Every structure is written in C-alpha cells, then in structure tokens.
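This report concerns only the one structure given below.
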Amino acid sequence: MTDGYQPSPLVYSFGQGRADGTSAMKETLGGKGAGLAEMTNLGISVPPGFTISASLCQTWIDTGAFPSRLNREIDLAMQRLEAETAKEFGGADHPLLVSVRSGAAVSMPGMMETILNLGLNDITVEGLAARSGNPAFAWDCYRRFVQMYASVVLEVPKAAFDVVHDEALAAHGVSRAIDLPTAALKTLVVRYKALAAERSIGEVPDEPLAQLYGAISAVFASWNTRRAIDYRRVHDIPDTLGTAVNIVTMVFGNLGEGSGTGVTFSRNPATGEATLYGEFLTNAQGEDVVSGARTPEPIAALRERMPSAYQELERMSRTLERHFRDVQDMEFTIENGQLYMLQTRRAQRTGQAAFRIACEMVTEELISEEEAVARIPPGALDQLLHPTIDPGAALDRLGSGLPASPGAASGLVTFDADDAAERARAGEAVILVRRETSPEDFHGMVASKAILTARGGMTSHAAVVARGMGKPCIAGATELDVDEAAGTITAGERTVRQGEWITIDGSTGIIYLGQADLLTPELDDNFHTLMGWADRIRPMKVRVNADTPADAHRGRDFGAEGIGLCRTEHMFFQGDRLLAVREMIIAETPEERQKALAKLLPMQRGDFESIFRAMEGYPVTIRLLDPPLHEFLPNDPGEQEALAEQLGRPIEAVRHAVNRLVEQNPMLGLRGCRLGIIHPEITRMQVRAIFEAACTVAGRKGRVQPEVMLPLVATVVEFRRQALVVREVAEEVFRERQLTVPYLLGTMIELPRAALTADEIAREAEFFSFGTNDLTQTTWGLSRDDSSQFLPYYLEHGIIDQDPFQTLDVAGVGRLVQMAAEAGRRTRADLKLGICGEHGGDPASIAFCETLKMNYVSCSPFRVPIARLAAAQAALAMRGTVDRTRATV
C-alpha cells in the first residue's frame, strides 16, 4: 500500500445537523442516502443514521462477502448512532431500532427491499413496550419486523403471513392489526416465527447484529431480483450502478392517533398544480401507505388532524423544492406530533405535469428556459398524446376508484402478470387487474395497456409505477370485489370475467364495461410554450415520414418542417390503384405496362399536389418505388382467380407473374433503384407525377421544394443511370409547363457498400438520407421480421444492450453512418444529411445525429414532438451549458 493512502469510506453517517455526504454523491450514497445527507446538512429534521456505499453492492453479489473493514466502520457508525439517540442497539431498557432500506443512484420505487423495526427480539420488545407505555404498539412493531425479515431475508412468501394475519383480524372483529389485543399480537409473533422456521432453511435471528447483516445482504441481493432487472431494462438504468444501503433510526408513526406516516409531493405529479399532493395514514408505518394494504387519506386532511405538523411539512416542502430547484417526492413520519423527513427525491410526474411544472418554474425564476427544455424526458410526450374516451361514446359504468395515472385504455381483463405478458406477446390488448400490485407484477404491468387495483392510493405501488411508464391507472377501486383466484371482478350484481373487455379512464377514475371509442388529446399552452423554447435552441430540423396528405397535415400540426420520407408505394395499396399496379406487373409487353402506368399517373400526381400544399413550401423528400413487386400480388389461389377475372386475363397469366417474381431473399433482390433500372418506365411515371404536381402548385403561387430520392443504391453507376432518367423527365415537364421548379436529387444510404463508397456517390447526389432500418438489417445480417425470435433472449442475457432496430447501434451502424457523412461532405461540402428510419424518433439516436451535424431527422407524425425536444436537448448537451438531469416521467 502506498504511504499515506486512505481508501474511500464504506460508511457515511448523518445526524444532528451534519452529514458525511451531500446530494452530489448519488453514485456512492444512492438517491435516498444522498437526499438524507443533504436534508441533514440543511437542518431539516431527519432521524440519524448511516449509508453503506453502493460500491459494495457488486462486490457482495459477486462474492457473497464483505471486506473486513466494513465491520469496523459499521461498529463506529452504530456507536455514533447510539450516542446521538441515547439508545442502545440490542439494549433491554431503551432499545435502538433501525430501518434498513435500499437506494440506487437512479430512483427505482418499490423494486428493492426494505426492513423496518430491526433490532427487536423477545427482550428488546419489552423495553420498547415499557418506554412507550404502549405494549400493543411494541408487539405490532415486532410482528411487522418478523414478517418483513422472513419475507425479505428468508424468502418466505408474504401471502403465507397474510393468511395468519387475516385470521387474527377476523377472530377479533377488527380491521387493523394495531387494534388487536396485546395478547393476540404476541400470538401473531409466535405464529410468524414458527411459519418462518417451517417455510425456510433458517430462522429469524434474535441477535440484532445478525439481523442487521442479514438485512444488509438481502438489500444488496435485491438489486438482482427479476423485478429490479425488468425495471432497469424498461428505464434504461445501467446494471452496474448497484444500490446503497441506508440504516436509519426508527421513528414511529404507529404510536397512536397523534402519530402517522405519509408520502407527499411538493406539487401535484399528475397535473403539475403548485400545491401539496399526497396521502397519509394515522397510527401506521410507511409500508402501510405504499403497499396499498390500507386506503389512506388525502394530505389536505392532515391540516385538520395535525395542523402544526402540516404547517411544518409545507415549510419543509418549500425549502426542499427551492433548494433542489425541482419538484420533490417526500416520505415523512409524525411521531407524537414531531415531523421527521425520511426521504426526498426528484418526483416522478406525468407528461402533462412535467410541462406545466417546467413552464411555471421558469416563470418563478427557479430555472431557465434551457433548463426547462433539458429536464423534460422526450418520452413524456407520449403521455400527452394518450387517447381519451370519446365524449359521444355510449358507456356502461362499472365502478370507480382513484385517478392514479391519466389516459384511457381498453383491454381484456387479466388477473395475473405472467398471463398479461403472454397475452401481450400474442398481440392482445390487456388490462392488469389486481387487488393490489407488488413489485413482482412489474413485467405484467409493462405488458398491459393499463392497471386497475381494488386497494391502494395515489402513491401506491401501482400508481407510482404506472405514472412512471405513462400508463393509465386506477387505484383504490373499493367498489369492486376483485377475486384473483376465481378470475372475476364483481360490482353489485354485475360480474366481469377473465378475458372480457373493460375500459378505464385514469384521468377520472371511472371503469366501464366493454371497449370504448378513444380520441387523441389536444396539446395545451404549456406544451406549445416549451416546444417553442426547444425550437429556438435546436439547429437540427425535424421532418415527418408521411405517405398521404392526412399524414402530412398531421405532421405539420405537430411542428414538422418538411417530409423526410414519402414512400410512394404506400399510395398504391388501395382500391383502383392496387388494381392498376397489378395490371402493370402482369403486363407482358411495354405497351401494356405503359397503359397501366398511365392509369397510375393522375393518382400519384393528385397525391403529390395535396402533399406539397400541406407542406406549405417545406421540403418534401419522395422516395421512388422501393419494395419488390411480388408484395403487390395475391398469394391466395382464390384471390388470384378473382384478379384474373378483374383484369380479363387468363388465370395462367396471373400465376405465371406470381411465380416469375418469387425470390429466395426478396429484400435483397429486385427492388429499389434496381427496379427502375430494369423497368425505367416506372421511374418515368413517378418522376412525371412529382414534377407535374410541383409545377401545378408552383403555378398557383404555391411554394414547393421537391427532393427526389433513389432507393437502395449500392454503386455510383446505379445512381447515374436513374439520375439521368429523373433529370430528363424533369426537363420534359418544365418545357411542357413553361415553368422550372428547383429540386434536389439524392439517395437513401441503406447498404454498407453505399456507406463505404459515399465519397463517390456524393459526386452525383445532392443529399443523403440514411435509411437506418435497412442499414441495420444489412449491417447486422438481421431481419426485422424474424429477429424477435431471439433478440429478447439476447437483451435478457446481456448479449446486446439495446435492440438495434429501436436505438441506433452507434458502434457498428453508427460508424458506417459517420464514415458516409464525413466522406460525402469531403466530396460535396454542402451535402444535405438526414435520417429517415425509425431511429429518427429515438432520442438517443437523435443525439448521435447531432454529433454528426445532420441537417434533419425524420420520423412518424406522433414522434415529431419527441424528435423536436430530443434535438434541442442534444444541442444543449453538445454545448454543455446546463444541468441535463431530467425528471422521471
């Protein structure tokens, strides 16, 4: 060891106004530990305690052991805790009890473990009873500890304890364990211990220090539970972070009606309203609120119950919000009228609330416009676009509950998380219905369209997780009797069974029978204000992928600055157009083919005119026919016979055409520019339609910017051949119309060879549009249609970190994109660059595009706002001028 070397501490204490850590140490202390340290340093009333570094989490998972110096540091921290509280850990007279809780750098609510009242045994419980003067309280704490320790450390199913618990309540005619006689609570403890010994290979230890190390190990182990791994995957949290462990002196909300516990937000996380929002329970511990086992009261009722504590809570809330400059999610306990803060963290919120809060904090001069833009996760916009129930729909009300997460959804009822996931994989829309959810249900919640629970409140597990994922949720629907074993929901005389349709409105809390008509929501002033700030920040343009006039208008409504991809083949799959295309494919002579193309020309021209008008002078990139021709022909023999009859051709001619176009690998066969080279008359028809439409709109004082894109180019020779046809037809139209329209001619870079020879292609092409869908397929050797058979396995087992079709593979595909962009601009300095695959709406991929200084990204209409926001955030990140920490939405 080097002289003077001092290893970093493994334990960080806090208490009595001073802490070893700060809020800046989240990587070490986790979010919870960093919050406790910061609140302590701010002088806020926090029970003393200490945090074990998250750096030990992976060590324990890998080895199952701790470094020897941890024991010494824990001993010192416990001695400090005993001195600060005047209590003794394991002491018979004045016992010190602690909670042991997880806390990762990124909040993962409900995903890891907690144990309360640690330090109780048959001796210390008597000391707690004597000190408090309330034996029922002491034994209630003891039975809670035994249950939690056995469930978390010994892995005894919680449901086993629930049976014993419910039997005791029924036998004494009470609804809460705290109302049981002391003798009954003592019996519960004995039965719980026996159950733990019977259902596990160990026992609940009596020695407090053994309890402590067992709990610490279990919290570290909970980092790798299925629900925690699933949560990290959904929220893109690295597996390497690990969790810290927080050991905090117990304060008791279950000492009587003058005590309580709750969760509150400094602003409403559903609407953004600047008022305290939350819930509390009297004579309870924190697990009672978040588990949903009891339905809590709204935080406003605390003003009447305990006015002094409520005023102090308001003051602390304002202090913390102004200090952290963001909305806070806080846990608190009131012990005999004294308020203690147990946690503060950045609050999760709905998309609607995120925009309102950001805008109002700018008005309040808490944050800047740039910070407001940087804080909104682009995914929050998905929530703003959630459907609502059509006001004109005929609805059959089943019941109601608490509106825990906004938006409406219809789905088939399922009562089991595994069933929900399986049905969703089969393409079914499902709604997960539970008495109350637990972290074990997380994968089913991810798969479901919405969540409905009979128990719990606005801060229950179901509510918090649903809001975080942007899914509609109703909690505390006490009008409903949910029988998970029988697979039924009963409301009065009415019963809904597994697999039947219901609709829930998470904004109103109402549940309806059947499948309701849903509407797309309107966007409010806060949305437009913040998006205006984003638009001023970003240099990169955002276009829309639009194949119809309706898509073009929708894209413009969402702020698109042009069309980055108009797929002309999508115009062919309807009515008379499809018949004309089929006639063209089956044609046996150039004359027959030309006759069919003449029918398509006015149809295409009309579509292009409407699209140009919708874009109001913004650029429109039109890709010439790309897919293989077999996609337009029927495979079913009956449909083939019907087609032959429609065209007046022998059935043999149709079958011959179908067989002639069969390819072993059609996606790498006769398609794209290869079609135009073999059948130039197709290119001529499409180009004529484009420029006749452009001249018509321009001739009526409209503005047009057509950009003609040649697909699947692999060589510069292919580009030259097709470019010659395009320019020749364009000049013909200009002469005929006596009008010239400026245009660009470019290509889609979607093959590795095109990327590798981009410098050559750029001598001819005026723009590159990266078709990253096919570029990913051809680079990875993957089929989007078939890769679902193994990609989930690859993701689950860490073979790949991201689905390359959802987020651009920067190391592989991205490297080709970068090479092509740099080589193309070396040849042609003003080469316009864009991206038009599905990655054009993915925030991480957009950030990569910003590093290459692309001119634009293009995406589907409903992702245009996401792309606008992500492009602004990418620009801010490149500048490095603001804190880009985002709220969790």
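In the structure tokens, chains take letters A, B, ... by order of appearance, with residues numbered from 1 within each chain and ligands from 1 in the order shown.
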Would you mind writing down, as number ranges by chain, each residue of stretch 222-275 of chain A that DSSP on the backbone assigns to alpha helix (DSSP H)?
A: 226-235
Write the residues you've just listed into a file as an mmCIF file, in the first residue's frame, and include N, CA and C atoms for each of them.
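For reference, selection04.cif as written:
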data_model
loop_
_atom_site.group_PDB
_atom_site.id
_atom_site.type_symbol
_atom_site.label_atom_id
_atom_site.label_comp_id
_atom_site.auth_asym_id
_atom_site.auth_seq_id
_atom_site.Cartn_x
_atom_site.Cartn_y
_atom_site.Cartn_z
ATOM 1 N N ARG A 226 -35.806 -10.240 -10.221
ATOM 2 C CA ARG A 226 -36.397 -10.126 -11.560
ATOM 3 C C ARG A 226 -37.041 -8.756 -11.749
ATOM 4 N N ARG A 227 -37.789 -8.294 -10.734
ATOM 5 C CA ARG A 227 -38.496 -7.027 -10.909
ATOM 6 C C ARG A 227 -37.520 -5.873 -11.056
ATOM 7 N N ALA A 228 -36.393 -5.904 -10.308
ATOM 8 C CA ALA A 228 -35.405 -4.833 -10.413
ATOM 9 C C ALA A 228 -34.736 -4.838 -11.778
ATOM 10 N N ILE A 229 -34.413 -6.028 -12.274
ATOM 11 C CA ILE A 229 -33.793 -6.129 -13.604
ATOM 12 C C ILE A 229 -34.764 -5.653 -14.672
ATOM 13 N N ASP A 230 -36.029 -6.065 -14.565
ATOM 14 C CA ASP A 230 -37.043 -5.631 -15.539
ATOM 15 C C ASP A 230 -37.194 -4.115 -15.521
ATOM 16 N N TYR A 231 -37.205 -3.539 -14.320
ATOM 17 C CA TYR A 231 -37.370 -2.089 -14.199
ATOM 18 C C TYR A 231 -36.191 -1.365 -14.838
ATOM 19 N N ARG A 232 -34.992 -1.856 -14.588
ATOM 20 C CA ARG A 232 -33.808 -1.201 -15.164
ATOM 21 C C ARG A 232 -33.840 -1.280 -16.683
ATOM 22 N N ARG A 233 -34.318 -2.408 -17.203
ATOM 23 C CA ARG A 233 -34.355 -2.557 -18.658
ATOM 24 C C ARG A 233 -35.345 -1.556 -19.263
ATOM 25 N N VAL A 234 -36.521 -1.427 -18.650
ATOM 26 C CA VAL A 234 -37.539 -0.517 -19.179
ATOM 27 C C VAL A 234 -37.074 0.929 -19.101
ATOM 28 N N HIS A 235 -36.383 1.286 -18.012
ATOM 29 C CA HIS A 235 -35.993 2.680 -17.796
ATOM 30 C C HIS A 235 -34.540 2.957 -18.155
#
Skip stretch 684-690 of chain A itself and residues of its chain fewer than 5 positions away, then list as a list in words all residues within 7 Å of it, counting only C-alpha atoms.
Leu597, Leu601, Gln604, Arg605, Phe608, Leu624, Val725, Val726, Val729, Ala730 and Val733 of chain A
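Counting only C-alpha atoms, the residue from A:Gly399, A:Pro752, A:Gly379, A:Gly880 that sits nearest to A:Arg494 is A:Gly399.
Distances from A:Glu436, A:Glu27, A:Asp416, A:Asp288 to A:Ala477 were compared using only C-alpha atoms, and the smallest one belongs to A:Glu436.
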From a DSSP calculation on the backbone, collect every residue of stretch 600-716 of chain A in strand (DSSP E) and output the set as number ranges by chain.
A: 619-623, 705-710
Could those selected residues go to a file with C-alpha atoms, as an mmCIF file, in the first residue's frame?
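Listed below is the output, selection.cif:
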data_model
loop_
_atom_site.group_PDB
_atom_site.id
_atom_site.type_symbol
_atom_site.label_atom_id
_atom_site.label_comp_id
_atom_site.auth_asym_id
_atom_site.auth_seq_id
_atom_site.Cartn_x
_atom_site.Cartn_y
_atom_site.Cartn_z
ATOM 1 C CA PRO A 619 -39.022 20.357 -48.432
ATOM 2 C CA VAL A 620 -40.637 17.065 -49.423
ATOM 3 C CA THR A 621 -38.372 14.043 -49.951
ATOM 4 C CA ILE A 622 -40.086 11.493 -52.203
ATOM 5 C CA ARG A 623 -38.616 8.031 -52.421
ATOM 6 C CA GLN A 705 -39.293 22.071 -52.592
ATOM 7 C CA PRO A 706 -39.280 18.559 -54.087
ATOM 8 C CA GLU A 707 -36.398 16.233 -53.266
ATOM 9 C CA VAL A 708 -36.287 13.034 -55.327
ATOM 10 C CA MET A 709 -34.666 10.099 -53.538
ATOM 11 C CA LEU A 710 -33.332 6.984 -55.260
#
